[in-house]
file input-v7.txt (compact mmCIF, C-alpha atoms)
# COMPACT_ATOMS: atom_id res chain seq x y z
CA MET A 12 -40.60 32.14 1.13
CA THR A 13 -39.49 28.53 1.06
CA THR A 14 -40.81 26.60 -1.91
CA LEU A 15 -41.77 22.94 -1.88
CA LEU A 16 -38.74 21.98 -3.99
CA GLU A 17 -36.37 23.84 -1.67
CA ALA A 18 -37.89 22.11 1.36
CA ARG A 19 -37.41 18.75 -0.32
CA TYR A 20 -33.78 19.51 -1.15
CA ARG A 21 -33.12 20.54 2.44
CA ALA A 22 -34.76 17.33 3.67
CA VAL A 23 -32.43 15.25 1.51
CA LEU A 24 -29.42 17.33 2.57
CA ARG A 25 -30.07 16.30 6.19
CA LEU A 26 -28.31 13.09 5.23
CA LEU A 27 -25.07 15.07 5.32
CA PRO A 28 -23.22 15.47 8.64
CA ALA A 29 -23.83 18.72 10.53
CA TYR A 30 -20.36 20.16 9.93
CA TYR A 31 -20.75 19.78 6.17
CA ARG A 32 -24.27 21.23 6.09
CA HIS A 33 -23.12 24.21 8.13
CA GLU A 34 -20.44 25.01 5.54
CA ARG A 35 -22.15 24.10 2.27
CA GLU A 36 -25.92 23.74 2.60
CA GLU A 37 -26.91 27.22 1.45
CA GLU A 38 -24.53 27.09 -1.48
CA MET A 39 -25.82 23.66 -2.54
CA VAL A 40 -29.49 24.71 -2.31
CA GLU A 41 -28.78 27.82 -4.34
CA THR A 42 -27.05 25.72 -7.00
CA TYR A 43 -29.91 23.24 -7.22
CA LEU A 44 -32.53 26.00 -7.57
CA TRP A 45 -30.48 28.26 -9.85
CA ASP A 46 -32.34 27.72 -13.14
CA VAL A 47 -35.70 26.45 -11.84
CA ASP A 48 -38.55 28.96 -12.06
CA GLN A 49 -40.87 29.64 -9.12
CA GLU A 50 -43.88 27.79 -10.53
CA THR A 51 -41.88 24.68 -11.28
CA GLN A 52 -40.41 24.71 -7.76
CA GLU A 53 -43.89 24.17 -6.33
CA GLN A 54 -44.41 21.03 -8.42
CA SER A 55 -40.99 19.36 -8.62
CA ARG A 56 -38.83 17.13 -6.48
CA PRO A 57 -35.13 16.21 -6.53
CA THR A 58 -34.18 13.74 -9.23
CA LEU A 59 -32.94 10.25 -8.41
CA GLY A 60 -29.52 11.22 -9.69
CA GLU A 61 -29.35 14.20 -7.35
CA VAL A 62 -30.46 12.10 -4.39
CA ALA A 63 -27.88 9.44 -5.25
CA SER A 64 -25.12 12.05 -5.46
CA ILE A 65 -26.11 13.46 -2.06
CA VAL A 66 -26.12 9.96 -0.54
CA ALA A 67 -22.64 9.32 -1.97
CA LEU A 68 -21.46 12.68 -0.63
CA ALA A 69 -22.92 11.84 2.79
CA VAL A 70 -20.92 8.61 2.87
CA ARG A 71 -17.70 10.36 1.80
CA SER A 72 -18.11 13.17 4.31
CA ARG A 73 -18.88 10.79 7.19
CA LEU A 74 -15.80 8.73 6.29
CA GLY A 75 -13.81 11.93 6.29
CA ALA A 76 -10.26 12.68 5.31
CA GLY A 77 -8.33 15.94 5.60
CA GLY A 78 -10.35 18.90 6.81
CA ALA A 79 -13.06 16.83 8.49
CA PRO A 80 -13.64 16.97 12.27
CA ARG A 81 -11.53 14.46 14.18
CA ARG A 82 -14.45 12.12 14.86
CA TYR A 83 -15.18 11.66 11.16
CA ALA A 84 -11.49 11.54 10.25
CA VAL A 85 -10.85 8.72 12.75
CA VAL A 86 -13.87 6.74 11.55
CA GLY A 87 -12.82 7.16 7.94
CA SER A 88 -9.25 6.11 8.68
CA ALA A 89 -10.44 3.06 10.64
CA VAL A 90 -12.71 1.89 7.81
CA ARG A 91 -9.93 2.39 5.25
CA LEU A 92 -7.50 0.37 7.37
CA PHE A 93 -10.14 -2.32 7.90
CA ALA A 94 -10.59 -2.60 4.13
CA LEU A 95 -6.84 -2.81 3.57
CA PHE A 96 -6.27 -5.45 6.27
CA ALA A 97 -9.26 -7.54 5.15
CA VAL A 98 -8.25 -7.43 1.48
CA LEU A 99 -4.70 -8.43 2.42
CA LEU A 100 -5.88 -11.43 4.45
CA GLN A 101 -8.25 -12.65 1.76
CA ALA A 102 -5.65 -12.18 -0.96
CA ALA A 103 -3.07 -14.18 0.97
CA SER A 104 -5.64 -16.83 1.85
CA ALA A 105 -6.68 -17.28 -1.79
CA VAL A 106 -3.08 -17.63 -2.99
CA ALA A 107 -1.94 -19.94 -0.18
CA ASP A 108 -5.00 -22.19 -0.50
CA ARG A 109 -4.54 -22.61 -4.25
CA VAL A 110 -0.78 -23.16 -4.06
CA LEU A 111 -1.28 -25.86 -1.43
CA GLY A 112 -4.09 -27.45 -3.42
CA LEU A 113 -2.07 -27.56 -6.64
CA THR A 114 1.00 -28.87 -4.80
CA TRP A 115 -1.01 -31.66 -3.18
CA ALA A 116 -2.76 -32.64 -6.42
CA SER A 117 0.41 -32.66 -8.51
CA THR A 118 2.64 -34.59 -6.08
CA ARG A 119 0.30 -37.35 -4.89
CA GLY A 120 0.01 -39.36 -8.06
CA GLY A 121 -2.35 -39.43 -11.01
CA SER A 122 -5.45 -40.26 -8.99
CA GLN A 123 -5.17 -37.06 -6.95
CA TRP A 124 -4.64 -34.96 -10.09
CA ASP A 125 -7.62 -36.61 -11.77
CA MET A 126 -9.72 -35.82 -8.71
CA PHE A 127 -8.60 -32.19 -8.89
CA THR A 128 -9.34 -31.76 -12.60
CA ASP A 129 -12.64 -33.64 -12.29
CA GLY A 130 -14.08 -30.63 -10.53
CA PHE A 131 -13.67 -28.56 -13.69
CA ALA A 132 -14.57 -31.04 -16.42
CA GLY A 133 -17.06 -33.79 -17.10
CA HIS A 134 -20.06 -32.14 -15.44
CA GLY A 135 -21.32 -29.90 -18.19
CA VAL A 136 -20.33 -26.49 -19.48
CA TRP A 137 -22.13 -24.43 -16.86
CA VAL A 138 -20.90 -26.48 -13.91
CA GLY A 139 -17.36 -26.37 -15.27
CA ALA A 140 -17.53 -22.62 -15.85
CA GLY A 141 -18.82 -22.12 -12.31
CA ALA A 142 -16.02 -24.25 -10.86
CA LEU A 143 -13.42 -22.30 -12.81
CA ALA A 144 -14.88 -19.01 -11.65
CA GLN A 145 -14.89 -20.15 -8.02
CA TRP A 146 -11.25 -21.17 -8.33
CA PHE A 147 -9.93 -18.13 -10.20
CA LEU A 148 -12.09 -15.18 -9.10
CA PRO A 149 -10.82 -15.09 -5.47
CA LEU A 150 -7.34 -14.46 -6.87
CA LEU A 151 -8.61 -10.99 -7.74
CA TRP A 152 -8.21 -10.13 -4.05
CA THR A 153 -4.49 -9.95 -4.83
CA VAL A 154 -5.20 -7.57 -7.71
CA ALA A 155 -7.30 -5.45 -5.35
CA TYR A 156 -4.51 -5.38 -2.75
CA VAL A 157 -1.82 -4.35 -5.23
CA ALA A 158 -4.05 -1.82 -6.98
CA LEU A 159 -5.12 -0.25 -3.70
CA LEU A 160 -1.56 0.28 -2.51
CA ARG A 161 -0.65 1.73 -5.91
CA ASP A 162 -3.58 4.13 -5.61
CA HIS A 163 -5.54 2.63 -8.51
CA ARG A 164 -8.77 2.85 -6.54
CA ARG A 165 -11.30 2.03 -9.23
CA LEU A 166 -9.40 -1.11 -10.25
CA ALA A 167 -9.11 -2.15 -6.60
CA GLN A 168 -12.83 -1.63 -6.00
CA VAL A 169 -13.95 -3.56 -9.09
CA SER A 170 -11.51 -6.39 -8.36
CA ALA A 171 -12.73 -6.72 -4.76
CA LEU A 172 -16.40 -6.80 -5.79
CA VAL A 173 -15.74 -9.48 -8.42
CA ALA A 174 -13.55 -11.48 -6.02
CA ALA A 175 -16.38 -11.52 -3.46
CA LEU A 176 -18.90 -12.97 -5.94
CA PRO A 177 -18.10 -16.67 -5.28
CA THR A 178 -19.25 -16.25 -1.67
CA LEU A 179 -22.78 -15.65 -2.98
CA TRP A 180 -23.08 -18.96 -4.79
CA PRO A 181 -23.33 -21.09 -1.62
CA LEU A 182 -26.09 -18.71 -0.49
CA VAL A 183 -28.00 -19.58 -3.66
CA ASP A 184 -27.54 -23.27 -2.81
CA ILE A 185 -29.15 -22.63 0.58
CA TRP A 186 -32.37 -21.61 -1.15
CA ALA A 187 -32.12 -24.28 -3.85
CA ARG A 188 -31.29 -27.21 -1.58
CA ASP A 189 -32.08 -28.48 1.89
CA PHE A 190 -29.20 -27.12 3.96
CA ALA A 191 -28.96 -27.67 7.70
CA PRO A 192 -29.11 -24.52 9.86
CA SER A 193 -25.49 -25.03 10.91
CA ASP A 194 -24.36 -25.09 7.28
CA SER A 195 -26.40 -21.98 6.55
CA ALA A 196 -24.81 -20.11 9.47
CA TYR A 197 -21.31 -20.81 8.21
CA VAL A 198 -22.15 -19.89 4.60
CA VAL A 199 -23.58 -16.55 5.71
CA ALA A 200 -20.72 -15.85 8.13
CA ALA A 201 -18.12 -16.66 5.47
CA ALA A 202 -19.72 -14.22 3.01
CA VAL A 203 -19.86 -11.31 5.46
CA PRO A 204 -16.08 -10.57 5.69
CA ALA A 205 -15.72 -10.62 1.91
CA TRP A 206 -18.57 -8.22 1.27
CA ALA A 207 -17.79 -6.06 4.30
CA SER A 208 -14.24 -5.52 3.06
CA ALA A 209 -15.38 -4.91 -0.54
CA LEU A 210 -18.00 -2.37 0.55
CA ALA A 211 -15.55 -0.69 2.96
CA LEU A 212 -13.06 -0.43 0.11
CA CYS A 213 -15.67 1.12 -2.20
CA THR A 214 -16.98 3.63 0.33
CA ALA A 215 -14.00 4.68 2.45
CA HIS A 216 -11.33 4.82 -0.27
CA HIS A 217 -13.15 7.60 -2.09
CA ARG A 218 -11.53 10.23 -4.28
CA ASP A 219 -11.00 12.65 -1.37
CA ALA A 220 -9.34 10.05 0.88
CA PRO A 221 -5.56 9.79 1.26
CA ALA A 222 -3.67 7.05 -0.54
CA ALA A 223 -3.68 3.66 1.20
CA ALA A 224 -0.54 2.67 3.09
CA LEU A 225 0.38 -0.19 5.40
CA PRO A 226 1.19 0.84 9.00
CA ALA A 227 4.41 -1.17 8.83
CA GLY A 228 6.45 -3.08 6.26
CA THR A 229 6.56 -3.05 2.49
CA PRO A 230 3.51 -4.33 0.54
CA GLY A 231 5.33 -7.19 -1.18
CA LEU A 232 7.09 -8.44 1.95
CA VAL A 233 3.91 -8.26 4.05
CA PHE A 234 1.93 -10.15 1.41
CA ALA A 235 4.60 -12.84 1.01
CA ALA A 236 4.90 -13.26 4.78
CA SER A 237 1.14 -13.61 5.11
CA CYS A 238 1.05 -16.29 2.39
CA VAL A 239 3.90 -18.24 4.04
CA LEU A 240 2.29 -17.94 7.46
CA MET A 241 -1.06 -19.20 6.19
CA GLY A 242 0.50 -22.03 4.22
CA GLY A 243 2.69 -23.06 7.15
CA SER A 244 -0.19 -23.04 9.62
CA ALA A 245 -2.34 -25.17 7.30
CA VAL A 246 0.48 -27.71 6.89
CA ALA A 247 1.25 -27.73 10.61
CA LEU A 248 -2.33 -28.57 11.60
CA PRO A 249 -4.26 -30.19 8.74
CA GLY A 250 -7.18 -32.51 9.26
CA GLY A 251 -10.20 -30.68 8.03
CA VAL A 252 -9.87 -27.26 9.65
CA GLY A 253 -9.93 -25.69 6.19
CA THR A 254 -8.84 -22.20 5.26
CA VAL A 255 -10.46 -20.68 8.36
CA TRP A 256 -7.67 -22.02 10.56
CA ALA A 257 -4.94 -20.47 8.42
CA LEU A 258 -6.82 -17.19 8.02
CA VAL A 259 -7.37 -16.74 11.75
CA THR A 260 -3.83 -17.84 12.63
CA CYS A 261 -2.35 -15.24 10.28
CA TYR A 262 -4.57 -12.55 11.78
CA LEU A 263 -3.65 -13.52 15.35
CA VAL A 264 0.09 -13.60 14.73
CA THR A 265 0.22 -10.28 12.89
CA ALA A 266 -2.19 -8.45 15.22
CA LEU A 267 -0.41 -9.72 18.33
CA ALA A 268 2.98 -8.83 16.88
CA ARG A 269 1.76 -5.34 16.04
CA LEU A 270 0.24 -4.84 19.49
CA LEU A 271 3.31 -6.12 21.36
CA TYR A 272 5.66 -4.09 19.19
CA ARG A 273 3.83 -0.88 19.99
CA VAL A 274 3.62 -1.70 23.72
CA ARG A 275 7.30 -2.64 23.92
CA GLY A 276 8.21 0.63 22.26
CA GLU A 277 6.01 2.45 24.77
CA ARG A 278 3.85 3.80 21.98
CA ARG A 279 0.12 3.53 21.67
CA VAL A 280 -1.57 1.63 18.91
CA PRO A 281 -3.46 4.36 17.00
CA ALA A 282 -7.18 4.30 17.73
CA GLU A 283 -8.13 3.82 14.09
CA GLU A 284 -5.71 0.91 13.66
CA ALA A 285 -6.93 -0.81 16.82
CA ALA A 286 -10.56 -0.30 15.81
CA ALA A 287 -9.92 -1.73 12.33
CA LEU A 288 -8.20 -4.82 13.76
CA ALA A 289 -10.94 -5.29 16.36
CA ALA A 290 -13.68 -5.15 13.70
CA LEU A 291 -11.81 -7.63 11.53
CA GLY A 292 -11.27 -9.91 14.51
CA LEU A 293 -14.97 -9.85 15.32
CA LEU A 294 -15.88 -10.96 11.80
CA LEU A 295 -13.28 -13.72 11.86
CA LEU A 296 -14.59 -14.88 15.23
CA ALA A 297 -18.05 -15.34 13.71
CA VAL A 298 -16.54 -17.39 10.86
CA ARG A 299 -14.42 -19.42 13.28
CA ILE A 300 -17.38 -20.32 15.53
CA THR A 301 -19.80 -21.20 12.73
CA ALA A 302 -17.15 -23.28 10.95
CA VAL A 303 -16.23 -25.47 13.90
CA TYR A 304 -19.32 -25.61 16.11
CA PRO A 305 -21.25 -28.29 14.16
CA TRP A 306 -18.18 -30.58 14.14
CA LEU A 307 -16.82 -29.94 17.62
CA ASP A 308 -18.00 -33.30 19.01
CA VAL A 309 -16.34 -35.33 16.23
CA LEU A 310 -13.01 -33.49 15.96
CA PRO A 311 -9.89 -35.35 17.16
CA GLY A 312 -8.68 -34.26 20.58
CA ALA A 313 -5.58 -32.34 19.45
CA LEU A 314 -7.47 -30.57 16.71
CA ARG A 315 -10.29 -29.65 19.08
CA VAL A 316 -7.84 -28.18 21.59
CA GLY A 317 -6.11 -26.21 18.85
CA VAL A 318 -9.33 -24.78 17.45
CA LEU A 319 -10.72 -23.86 20.87
CA THR A 320 -7.42 -22.25 21.89
CA GLN A 321 -7.45 -20.24 18.69
CA ALA A 322 -11.00 -19.07 19.39
CA VAL A 323 -10.15 -18.05 22.98
CA VAL A 324 -7.09 -16.09 21.86
CA LEU A 325 -9.17 -14.46 19.12
CA VAL A 326 -11.82 -13.35 21.64
CA THR A 327 -9.19 -12.00 24.03
CA LEU A 328 -7.27 -10.13 21.36
CA THR A 329 -10.39 -8.62 19.81
CA ALA A 330 -11.58 -7.40 23.21
CA ALA A 331 -8.14 -5.95 24.01
CA LEU A 332 -8.02 -4.07 20.71
CA ALA A 333 -11.53 -2.72 21.28
CA VAL A 334 -10.51 -1.48 24.74
CA VAL A 335 -7.33 0.13 23.38
CA SER A 336 -9.28 1.88 20.65
CA GLY A 337 -12.03 3.10 22.98
CA ARG A 338 -9.59 4.32 25.61
CA ASP A 339 -7.61 6.29 23.06
CA LEU A 340 -10.72 7.90 21.62
CA LEU A 341 -12.01 8.87 25.05
CA SER A 342 -8.65 10.28 26.14
CA ARG A 343 -8.59 12.52 23.07
CA GLY A 344 -12.17 13.60 23.46
CA THR A 345 -13.39 12.15 20.17
call {"tool": "encode", "arguments": {"input": "input-v7.txt", "output": "structure tokens"}}
result
Amino acid sequence: MTTLLEARYRAVLRLLPAYYRHEREEEMVETYLWDVDQETQEQSRPTLGEVASIVALAVRSRLGAGGAPRRYAVVGSAVRLFALFAVLLQAASAVADRVLGLTWASTRGGSQWDMFTDGFAGHGVWVGAGALAQWFLPLLWTVAYVALLRDHRRLAQVSALVAALPTLWPLVDIWARDFAPSDSAYVVAAAVPAWASALALCTAHHRDAPAAALPAGTPGLVFAASCVLMGGSAVALPGGVGTVWALVTCYLVTALARLLYRVRGERRVPAEEAAALAALGLLLLAVRITAVYPWLDVLPGALRVGVLTQAVVLVTLTAALAVVSGRDLLSRGT
């Protein structure tokens, strides 16, 4: 006879994918009920800790690694690659942006340096501490990138979560001040990639997942090349496009190069890699549109053409990667 506690455990275990329940459900229920007497089973319910552990297990099993059905293995691999690519881009963006800012402030005379340091001092302790945190915390994306590729997963996860914190502060300003809807759209869109990559890193790079590895190149060389590419693109087309221009340019160049390299070698881009790049491209497209749309009418002609061309290429590439990923999955029956 099924007791009330057993029924409740089985209801919670439905969060797990079918393949996992088929293999382990009976064993798990037996373990949960092992030392609980019959009378107590009619009056109890699973603890919050047990429910939380089952939820965590459901996430890990759906973002599967070795031994999981192909569908779950591909999804898990795609999310892990998405996290790795997104962390790499944000790490390179943070470093390139700060190197360019320091170079500009230190080579343009005392007035520019005073303007730079004024953001950290002279406005009170709390404002200064907040400015310092906003400047330094995003550099932890680099720590997350290095730690992830060295298989220090907990350090990578904590670093990514802390690095994403500055994206929340503008959201607080939205509630505290009178922001225009266009400003609000950009603030929200800019926060989504940071938190999506941090959450993907925390969930998909679990203890049962394989160690992270780049599809091509060495970690140091890829990171340095990304920083140089972002810095070069920002210098080549300045004028208020901000870090979004450099971020999207780096993504486009690397994703296109990867796609063309695989096609030229008559090899398919793996479905999980194409899906990860397509998801990242979609998030960057949202940031690109919300960043430029309110200012499109006042941008200089050359800058407007450059930004619109970048957006069109981004849409085309993202769609192509989505098609490649979907076609590969369908051809393999996933």
call {"tool": "residues_around", "arguments": {"input": "input-v7.txt", "residues": "A:Arg19", "least_positions_apart": "2", "cutoff": "12 Å", "atoms": "all atoms listed in the file", "output": "PyMOL selection string"}}
result
chain A and resi 13-17+21-25+40+43-44+52-58+61-62
call {"tool": "closest_residue", "arguments": {"input": "input-v7.txt", "among": "A:Trp180, A:Pro311, A:Gln168, A:Ala196", "to": "A:Gln145", "atoms": "all atoms listed in the file"}}
result
A:Trp180
call {"tool": "closest_residue", "arguments": {"input": "input-v7.txt", "among": "A:Ala322, A:Leu99, A:Ala287, A:Leu172", "to": "A:Gly231", "atoms": "only C-alpha atoms"}}
result
A:Leu99
call {"tool": "atom_distance", "arguments": {"input": "input-v7.txt", "atom1": "atom CA of A:Val255", "atom2": "atom CA of A:Gly87"}}
result
27.9 Å
call {"tool": "atom_distance", "arguments": {"input": "input-v7.txt", "atom1": "atom CA of A:Pro80", "atom2": "atom CA of A:Arg164"}}
result
24.0 Å
call {"tool": "residues_around", "arguments": {"input": "input-v7.txt", "residues": "A:Phe96", "least_positions_apart": "5", "cutoff": "12 Å", "atoms": "all atoms listed in the file", "output": "PyMOL selection string"}}
result
chain A and resi 89-91+101-103+152+155-156+159-160+204-205+207-209+211-212+223-227+230+233-234+237+258+261-262+265-266+284-292
call {"tool": "write_last_selection", "arguments": {"input": "input-v7.txt", "atoms": "C-alpha atoms", "output": "PDB file, keeping the file's coordinate frame"}}
result
ATOM      1  CA  ALA A  89     -10.440   3.060  10.640  1.00  0.00           C
ATOM      2  CA  VAL A  90     -12.710   1.890   7.810  1.00  0.00           C
ATOM      3  CA  ARG A  91      -9.930   2.390   5.250  1.00  0.00           C
ATOM      4  CA  GLN A 101      -8.250 -12.650   1.760  1.00  0.00           C
ATOM      5  CA  ALA A 102      -5.650 -12.180  -0.960  1.00  0.00           C
ATOM      6  CA  ALA A 103      -3.070 -14.180   0.970  1.00  0.00           C
ATOM      7  CA  TRP A 152      -8.210 -10.130  -4.050  1.00  0.00           C
ATOM      8  CA  ALA A 155      -7.300  -5.450  -5.350  1.00  0.00           C
ATOM      9  CA  TYR A 156      -4.510  -5.380  -2.750  1.00  0.00           C
ATOM     10  CA  LEU A 159      -5.120  -0.250  -3.700  1.00  0.00           C
ATOM     11  CA  LEU A 160      -1.560   0.280  -2.510  1.00  0.00           C
ATOM     12  CA  PRO A 204     -16.080 -10.570   5.690  1.00  0.00           C
ATOM     13  CA  ALA A 205     -15.720 -10.620   1.910  1.00  0.00           C
ATOM     14  CA  ALA A 207     -17.790  -6.060   4.300  1.00  0.00           C
ATOM     15  CA  SER A 208     -14.240  -5.520   3.060  1.00  0.00           C
ATOM     16  CA  ALA A 209     -15.380  -4.910  -0.540  1.00  0.00           C
ATOM     17  CA  ALA A 211     -15.550  -0.690   2.960  1.00  0.00           C
ATOM     18  CA  LEU A 212     -13.060  -0.430   0.110  1.00  0.00           C
ATOM     19  CA  ALA A 223      -3.680   3.660   1.200  1.00  0.00           C
ATOM     20  CA  ALA A 224      -0.540   2.670   3.090  1.00  0.00           C
ATOM     21  CA  LEU A 225       0.380  -0.190   5.400  1.00  0.00           C
ATOM     22  CA  PRO A 226       1.190   0.840   9.000  1.00  0.00           C
ATOM     23  CA  ALA A 227       4.410  -1.170   8.830  1.00  0.00           C
ATOM     24  CA  PRO A 230       3.510  -4.330   0.540  1.00  0.00           C
ATOM     25  CA  VAL A 233       3.910  -8.260   4.050  1.00  0.00           C
ATOM     26  CA  PHE A 234       1.930 -10.150   1.410  1.00  0.00           C
ATOM     27  CA  SER A 237       1.140 -13.610   5.110  1.00  0.00           C
ATOM     28  CA  LEU A 258      -6.820 -17.190   8.020  1.00  0.00           C
ATOM     29  CA  CYS A 261      -2.350 -15.240  10.280  1.00  0.00           C
ATOM     30  CA  TYR A 262      -4.570 -12.550  11.780  1.00  0.00           C
ATOM     31  CA  THR A 265       0.220 -10.280  12.890  1.00  0.00           C
ATOM     32  CA  ALA A 266      -2.190  -8.450  15.220  1.00  0.00           C
ATOM     33  CA  GLU A 284      -5.710   0.910  13.660  1.00  0.00           C
ATOM     34  CA  ALA A 285      -6.930  -0.810  16.820  1.00  0.00           C
ATOM     35  CA  ALA A 286     -10.560  -0.300  15.810  1.00  0.00           C
ATOM     36  CA  ALA A 287      -9.920  -1.730  12.330  1.00  0.00           C
ATOM     37  CA  LEU A 288      -8.200  -4.820  13.760  1.00  0.00           C
ATOM     38  CA  ALA A 289     -10.940  -5.290  16.360  1.00  0.00           C
ATOM     39  CA  ALA A 290     -13.680  -5.150  13.700  1.00  0.00           C
ATOM     40  CA  LEU A 291     -11.810  -7.630  11.530  1.00  0.00           C
ATOM     41  CA  GLY A 292     -11.270  -9.910  14.510  1.00  0.00           C
TER      42      GLY A 292
END
call {"tool": "residues_near_point", "arguments": {"input": "input-v7.txt", "point": "(-13.0, 12.2, 4.5)", "cutoff": "10 Å", "atoms": "all atoms listed in the file", "output": "list of chain:residue names"}}
result
A:Leu68, A:Val70, A:Arg71, A:Ser72, A:Arg73, A:Leu74, A:Gly75, A:Ala76, A:Gly77, A:Gly78, A:Ala79, A:Pro80, A:Tyr83, A:Ala84, A:Val85, A:Val86, A:Gly87, A:Ser88, A:Ala215, A:His216, A:His217, A:Arg218, A:Asp219, A:Ala220, A:Pro221
call {"tool": "closest_residue", "arguments": {"input": "input-v7.txt", "among": "A:Ile65, A:Glu34, A:Thr178, A:Val259", "to": "A:Gly317", "atoms": "only C-alpha atoms"}}
result
A:Val259
call {"tool": "closest_residue", "arguments": {"input": "input-v7.txt", "among": "A:Phe93, A:Ala236, A:Ala175, A:Pro28", "to": "A:Ala107", "atoms": "all atoms listed in the file"}}
result
A:Ala236
call {"tool": "residues_around", "arguments": {"input": "input-v7.txt", "residues": "A:Arg299", "least_positions_apart": "4", "cutoff": "9 Å", "atoms": "only C-alpha atoms", "output": "list of chain:residue names"}}
result
A:Tyr197, A:Ala200, A:Val255, A:Trp256, A:Val259, A:Leu294, A:Leu295, A:Val303, A:Tyr304, A:Val318, A:Gln321, A:Ala322
